[in-house]
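This is target.txt. It holds compact mmCIF, C-alpha atoms.
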```
# COMPACT_ATOMS: atom_id res chain seq x y z
CA MET A 1 18.21 94.84 62.16
CA GLY A 2 18.43 94.31 58.42
CA ARG A 3 19.31 91.46 56.10
CA ALA A 4 23.06 91.99 56.36
CA PHE A 5 22.90 91.59 60.15
CA GLU A 6 20.89 88.36 59.91
CA PHE A 7 23.11 87.06 57.11
CA ARG A 8 26.28 87.64 59.13
CA LYS A 9 24.73 86.10 62.23
CA ALA A 10 24.04 82.91 60.30
CA ARG A 11 27.40 82.85 58.51
CA LYS A 12 29.28 83.16 61.81
CA MET A 13 27.92 79.75 62.76
CA LYS A 14 29.86 78.23 59.86
CA ARG A 15 33.48 79.28 60.14
CA TRP A 16 36.17 77.96 57.84
CA SER A 17 36.82 74.45 59.13
CA ALA A 18 40.62 74.77 59.21
CA MET A 19 42.97 77.73 59.45
CA SER A 20 45.11 76.24 56.67
CA LYS A 21 42.10 76.52 54.33
CA ALA A 22 41.76 80.18 55.24
CA PHE A 23 45.45 80.72 54.54
CA THR A 24 45.10 79.02 51.12
CA ARG A 25 42.23 81.29 50.16
CA ILE A 26 44.02 84.42 51.31
CA GLY A 27 47.16 83.30 49.49
CA LYS A 28 45.18 83.27 46.25
CA ASP A 29 43.72 86.68 47.06
CA ILE A 30 47.26 88.02 47.48
CA VAL A 31 48.33 86.67 44.08
CA ILE A 32 45.27 88.18 42.39
CA ALA A 33 45.81 91.54 44.11
CA VAL A 34 49.54 91.70 43.27
CA LYS A 35 49.00 90.70 39.64
CA GLU A 36 46.33 93.39 39.40
CA GLY A 37 48.01 96.31 41.15
CA GLY A 38 51.60 95.46 42.11
CA PRO A 39 53.33 94.33 45.33
CA ASP A 40 53.32 97.66 47.20
CA PRO A 41 50.31 97.83 49.56
CA ASP A 42 50.68 101.62 49.86
CA SER A 43 49.70 102.01 46.21
CA ASN A 44 47.54 98.88 45.91
CA SER A 45 44.30 99.24 47.87
CA ARG A 46 43.16 95.70 47.10
CA LEU A 47 46.41 94.23 48.44
CA ARG A 48 46.08 96.44 51.52
CA ALA A 49 42.65 94.96 52.18
CA VAL A 50 43.88 91.37 51.72
CA ILE A 51 46.77 91.94 54.15
CA GLN A 52 44.29 93.24 56.75
CA ASN A 53 42.21 90.09 56.26
CA ALA A 54 45.30 87.91 56.61
CA LYS A 55 46.15 89.56 59.92
CA SER A 56 42.56 89.16 61.13
CA VAL A 57 42.88 85.35 60.88
CA ASN A 58 46.35 85.43 62.49
CA MET A 59 48.26 84.57 59.31
CA PRO A 60 51.95 85.00 60.21
CA LYS A 61 53.72 88.04 58.78
CA ASP A 62 56.33 85.78 57.15
CA ASN A 63 53.59 83.89 55.31
CA ILE A 64 52.14 87.15 54.01
CA GLU A 65 55.53 88.41 52.82
CA ARG A 66 56.32 85.08 51.13
CA ALA A 67 52.96 85.08 49.37
CA ILE A 68 53.59 88.60 48.03
CA LYS A 69 57.08 87.61 46.87
CA ARG A 70 55.75 84.49 45.13
CA ALA A 71 53.08 86.56 43.40
CA THR A 72 55.76 88.75 41.79
CA ASP A 73 57.59 85.71 40.36
CA LYS A 74 57.22 85.47 36.58
CA ASN A 75 56.61 81.74 36.93
CA GLN A 76 53.63 82.28 39.23
CA GLY A 77 50.49 81.53 37.24
CA ASP A 78 47.45 83.75 37.25
CA TYR A 79 44.29 82.87 39.13
CA LYS A 80 41.09 83.60 37.27
CA GLU A 81 38.00 84.46 39.27
CA VAL A 82 35.07 82.42 37.94
CA LEU A 83 31.46 82.40 39.16
CA PHE A 84 29.34 79.24 39.04
CA GLU A 85 25.58 79.09 39.45
CA GLY A 86 23.17 76.26 40.01
CA TYR A 87 20.49 74.61 42.12
CA ALA A 88 20.78 72.18 44.99
CA GLN A 89 17.91 69.90 45.90
CA HIS A 90 14.58 71.40 47.02
CA GLY A 91 14.92 74.47 44.80
CA ILE A 92 17.83 76.06 46.69
CA ALA A 93 19.88 78.43 44.51
CA VAL A 94 23.66 78.15 44.94
CA LEU A 95 26.31 80.68 43.90
CA ILE A 96 29.99 79.68 43.97
CA GLU A 97 32.97 82.03 43.76
CA THR A 98 36.19 80.35 42.63
CA ALA A 99 39.79 81.37 41.99
CA THR A 100 41.44 78.91 39.64
CA ASP A 101 44.54 78.43 37.53
CA ASN A 102 42.86 75.57 35.65
CA ASN A 103 39.28 76.33 34.65
CA THR A 104 38.77 72.93 33.00
CA ARG A 105 39.53 71.18 36.29
CA THR A 106 37.30 73.52 38.29
CA VAL A 107 34.33 73.18 35.94
CA ALA A 108 34.61 69.39 36.02
CA ASN A 109 34.83 69.31 39.82
CA VAL A 110 31.92 71.68 40.41
CA ARG A 111 29.73 69.83 37.91
CA SER A 112 30.55 66.49 39.58
CA TYR A 113 29.49 67.82 43.00
CA PHE A 114 26.13 68.95 41.66
CA ASN A 115 25.59 65.62 39.87
CA LYS A 116 26.53 63.53 42.93
CA CYS A 117 24.16 65.51 45.15
CA ASP A 118 21.19 65.52 42.75
CA GLY A 119 21.60 69.20 41.96
CA SER A 120 22.00 70.93 38.61
CA LEU A 121 24.76 73.28 37.44
CA GLY A 122 23.10 76.24 35.76
CA THR A 123 24.02 78.68 33.03
CA GLN A 124 25.51 82.13 33.55
CA GLY A 125 22.92 84.49 35.00
CA SER A 126 20.57 81.74 36.18
CA VAL A 127 20.71 82.57 39.91
CA VAL A 128 23.10 85.50 40.43
CA PHE A 129 20.22 87.97 40.25
CA MET A 130 18.81 86.45 43.46
CA PHE A 131 21.75 87.81 45.48
CA ASP A 132 22.81 91.37 46.35
CA HIS A 133 26.55 91.87 45.81
CA THR A 134 27.78 93.77 48.86
CA CYS A 135 31.02 94.98 50.38
CA ASN A 136 31.70 94.96 54.09
CA PHE A 137 34.17 96.37 56.58
CA LYS A 138 34.87 95.26 60.14
CA ILE A 139 36.30 98.21 62.05
CA ASN A 140 37.49 99.02 65.54
CA GLY A 141 34.56 100.88 67.09
CA ASP A 142 36.39 102.26 70.14
CA GLY A 143 35.44 105.91 70.61
CA LEU A 144 33.10 105.97 67.62
CA ASP A 145 29.53 107.22 67.65
CA LEU A 146 27.67 104.83 65.34
CA GLU A 147 24.89 107.29 64.53
CA GLU A 148 27.41 109.97 63.55
CA LEU A 149 29.42 107.45 61.52
CA GLU A 150 26.28 106.32 59.70
CA LEU A 151 25.46 109.92 58.81
CA GLU A 152 28.99 110.42 57.51
CA LEU A 153 28.83 107.28 55.38
CA ILE A 154 25.28 107.56 54.06
CA ASP A 155 26.51 109.40 50.96
CA PHE A 156 28.68 106.38 50.16
CA GLY A 157 25.60 104.15 49.97
CA VAL A 158 26.08 102.42 53.33
CA GLU A 159 23.01 100.30 54.09
CA GLU A 160 23.71 98.86 57.53
CA ILE A 161 26.02 99.58 60.46
CA PHE A 162 25.87 97.43 63.58
CA GLU A 163 27.95 96.15 66.47
CA ASP A 164 29.30 92.63 66.11
CA THR A 165 30.83 90.27 68.66
CA ASP A 166 33.46 87.65 67.86
CA GLU A 167 35.74 85.39 69.86
CA ASP A 168 39.49 85.77 69.56
CA ALA A 169 41.96 82.87 69.51
CA ASP A 170 41.84 82.67 73.32
CA GLY A 171 38.04 82.53 73.43
CA ASN A 172 37.63 86.10 74.65
CA GLU A 173 34.78 88.16 73.24
CA GLN A 174 35.74 91.14 71.09
CA THR A 175 33.28 93.77 69.92
CA SER A 176 33.71 95.52 66.60
CA VAL A 177 31.53 97.39 64.12
CA MET A 178 30.32 96.00 60.78
CA ILE A 179 29.55 98.20 57.78
CA TYR A 180 27.62 96.90 54.76
CA ALA A 181 27.19 98.72 51.45
CA PRO A 182 26.80 97.95 47.73
CA PHE A 183 29.77 96.26 46.02
CA GLU A 184 30.71 99.37 44.03
CA SER A 185 31.08 101.48 47.21
CA PHE A 186 34.13 99.55 48.44
CA GLY A 187 36.84 101.93 47.22
CA SER A 188 35.23 105.14 48.47
CA ILE A 189 34.45 103.68 51.90
CA GLN A 190 37.95 102.24 52.24
CA SER A 191 39.43 105.66 51.41
CA TYR A 192 37.15 107.43 53.90
CA LEU A 193 38.01 105.05 56.75
CA GLU A 194 41.75 105.27 56.05
CA GLU A 195 41.69 109.06 55.80
CA SER A 196 39.72 109.20 59.07
CA THR A 197 42.32 106.91 60.72
CA ILE A 198 39.60 104.42 61.64
CA GLU A 199 41.18 100.99 62.07
CA ILE A 200 39.97 98.48 59.49
CA ILE A 201 40.20 94.99 60.98
CA SER A 202 39.06 93.20 57.84
CA SER A 203 37.01 93.80 54.72
CA GLY A 204 35.56 91.86 51.85
CA PHE A 205 32.65 91.11 49.58
CA GLU A 206 29.60 88.94 50.13
CA ARG A 207 26.49 87.98 48.21
CA ILE A 208 23.40 88.22 50.39
CA PRO A 209 20.31 86.30 49.24
CA GLN A 210 17.31 88.56 48.64
CA VAL A 211 14.91 85.82 49.75
CA THR A 212 15.62 82.60 51.66
CA LYS A 213 13.69 79.34 51.73
CA LYS A 214 12.96 77.38 54.90
CA LEU A 215 13.53 73.63 54.72
CA THR A 216 12.94 70.69 57.04
CA SER A 217 15.97 69.28 58.84
CA GLU A 218 16.04 66.32 56.43
CA GLN A 219 15.94 68.62 53.40
CA MET A 220 18.69 70.78 54.91
CA GLU A 221 20.90 67.70 55.20
CA ASP A 222 20.42 67.06 51.47
CA VAL A 223 21.57 70.58 50.64
CA GLU A 224 24.43 70.52 53.15
CA LYS A 225 25.98 67.53 51.34
CA LEU A 226 26.47 69.67 48.25
CA LEU A 227 27.60 72.74 50.17
CA GLU A 228 30.24 70.74 52.06
CA LYS A 229 31.67 69.24 48.86
CA LEU A 230 31.90 72.68 47.28
CA GLU A 231 33.47 74.33 50.33
CA GLU A 232 36.12 71.60 50.60
CA ASP A 233 37.34 72.20 47.04
CA ASP A 234 40.65 74.11 46.93
CA ASP A 235 39.48 76.24 43.98
CA VAL A 236 36.37 77.45 45.81
CA GLN A 237 36.63 80.75 47.66
CA ASN A 238 33.02 81.28 48.80
CA VAL A 239 29.67 79.51 48.58
CA TYR A 240 26.33 81.32 48.93
CA HIS A 241 22.82 79.90 48.87
CA THR A 242 19.17 80.73 49.47
CA MET A 243 18.53 78.17 52.20
CA GLU A 244 17.44 79.70 55.50
CA GLU A 245 20.06 78.84 58.10
CA ALA A 246 19.63 78.40 61.82
CA THR A 247 21.26 81.20 63.82
CA GLU A 248 21.28 79.50 67.17
```
Could you express the structure from this file as structure tokens?
Amino acid sequence: MGRAFEFRKARKMKRWSAMSKAFTRIGKDIVIAVKEGGPDPDSNSRLRAVIQNAKSVNMPKDNIERAIKRATDKNQGDYKEVLFEGYAQHGIAVLIETATDNNTRTVANVRSYFNKCDGSLGTQGSVVFMFDHTCNFKINGDGLDLEELELELIDFGVEEIFEDTDEDADGNEQTSVMIYAPFESFGSIQSYLEESTIEIISSGFERIPQVTKKLTSEQMEDVEKLLEKLEEDDDVQNVYHTMEEATE
């Protein structure tokens, strides 16, 4: 298996701590998507993808519809997507994706977390090159031949396809198929899957570290303090780092 498989295996050990936090993040994604391409999911592929993600975390339909309606309100502010880069202790690179309606607040908060945890907020371009920007799709694999699917998608730049197992809300195991490809391949892969009537369960973007660094348990605790502060911030959408994580 490749890096995407190992990356996902590690990330699955660290789910969003509360469903309300997931709903907040998706709510921002809906606003960004609507502001960018309008409120009709049929003509807005980004909104279509966000709605799929909302359903995958059991966000109620009413919540989704309200979020879309709010996004069309003239009084609804815009969220700006801002990337922050820096280093935690022990030379661990950290990349933070935010969606904010107040950049001054977000900058101040992120800087304070780095300072409190003996890290350093870096300049633009200081660590982003250490991560591959990828897109991913979780699809229903029933009746699909993975080898045939991989051959079909290879022209779209797909790098990895593998089976993935998750637990549903009732604790039952569910098997799906994960597809990983470069960031810029998202639109063409989404179109192919939709045209082929392959069910997309969820989709998104991730930044996979090219190289990870192994730390002692004590050093990992130092880094985790910073990661936890960042992940708890309402403006933060995703946090990526180069620390090797346990997968068991």
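With only C-alpha atoms as the atoms that count, the minimum distance from Val128 (chain A) to the choices A:Asp42, A:Glu173, A:Glu85, A:Glu6 is reached by A:Glu85.
The gap separating CA of Gly143 (chain A) from CA of Met59 (chain A) is 27.3 Å, in Å to one decimal.
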Checklist entry - Nearest to Tyr240 (chain A): which of A:Glu228, A:Glu163, A:Glu221, A:Glu150 is it, counting all atoms listed in the file? => result A:Glu228
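With only C-alpha atoms taken into account, the protein and nucleic acid residues at most 10 Å from Leu226 (chain A) (excluding it and anything under 6 positions from it in its own chain) are Tyr87, Ala88, Gln89, Val94, Val110, Tyr113, Phe114, Asn115, Lys116, Cys117, Asp118 and Gly119 of chain A.
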Please produce an output containing C-alpha atoms for each residue in the selection, written as a short mmCIF file (atom, residue, chain, number, x, y, z; two decimals), in the coordinates of the input.
```cif
data_model
loop_
_atom_site.label_atom_id
_atom_site.label_comp_id
_atom_site.auth_asym_id
_atom_site.auth_seq_id
_atom_site.Cartn_x
_atom_site.Cartn_y
_atom_site.Cartn_z
CA TYR A 87 20.49 74.61 42.12
CA ALA A 88 20.78 72.18 44.99
CA GLN A 89 17.91 69.90 45.90
CA VAL A 94 23.66 78.15 44.94
CA VAL A 110 31.92 71.68 40.41
CA TYR A 113 29.49 67.82 43.00
CA PHE A 114 26.13 68.95 41.66
CA ASN A 115 25.59 65.62 39.87
CA LYS A 116 26.53 63.53 42.93
CA CYS A 117 24.16 65.51 45.15
CA ASP A 118 21.19 65.52 42.75
CA GLY A 119 21.60 69.20 41.96
#
```
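The spacing separating CA of Lys21 (chain A) from CA of Ser176 (chain A) amounts to 24.1 Å.
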Checklist entry - Using all atoms listed in the file, which of A:Val239, A:Ile201, A:Val34, A:Leu146 sits nearest Asn53 (chain A)? => result A:Ile201
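Compared by their closest atoms to His241 (chain A), and using only C-alpha atoms, the residues A:Ala54, A:Val127, A:Val177, A:Val158 rank with A:Val127 nearest.
Using only C-alpha atoms, the smallest distance between any of A:Ser202, A:Leu144, A:Arg111, A:Asp132 and Phe7 (chain A) comes from A:Asp132.
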Expected axis-aligned box over every listed atom of region 171-182 of chain A, 3 Å added per side, centre plus edges in Å to one decimal, as JSON:
```
{"center_x": 32.4, "center_y": 90.6, "center_z": 61.2, "size_x": 17.2, "size_y": 22.2, "size_z": 32.9}
```
Next on the checklist: List the spatial neighbours of Gly77 (chain A) as a list in words - criterion: any atom at most 10 Å away, all atoms listed in the file, same-chain residues fewer than 3 positions off excluded.
Outcome noted: Val31, Ile32, Lys35, Arg70, Ala71, Asp73, Lys74, Lys80, Thr100, Asp101 and Asn102 of chain A
May I have the selected residues written with C-alpha atoms, as a PDB file, keeping the file's coordinate frame?
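Produced file part.pdb, reproduced below:
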```pdb
ATOM      1  CA  VAL A  31      48.330  86.670  44.080  1.00  0.00           C
ATOM      2  CA  ILE A  32      45.270  88.180  42.390  1.00  0.00           C
ATOM      3  CA  LYS A  35      49.000  90.700  39.640  1.00  0.00           C
ATOM      4  CA  ARG A  70      55.750  84.490  45.130  1.00  0.00           C
ATOM      5  CA  ALA A  71      53.080  86.560  43.400  1.00  0.00           C
ATOM      6  CA  ASP A  73      57.590  85.710  40.360  1.00  0.00           C
ATOM      7  CA  LYS A  74      57.220  85.470  36.580  1.00  0.00           C
ATOM      8  CA  LYS A  80      41.090  83.600  37.270  1.00  0.00           C
ATOM      9  CA  THR A 100      41.440  78.910  39.640  1.00  0.00           C
ATOM     10  CA  ASP A 101      44.540  78.430  37.530  1.00  0.00           C
ATOM     11  CA  ASN A 102      42.860  75.570  35.650  1.00  0.00           C
TER      12      ASN A 102
END
```
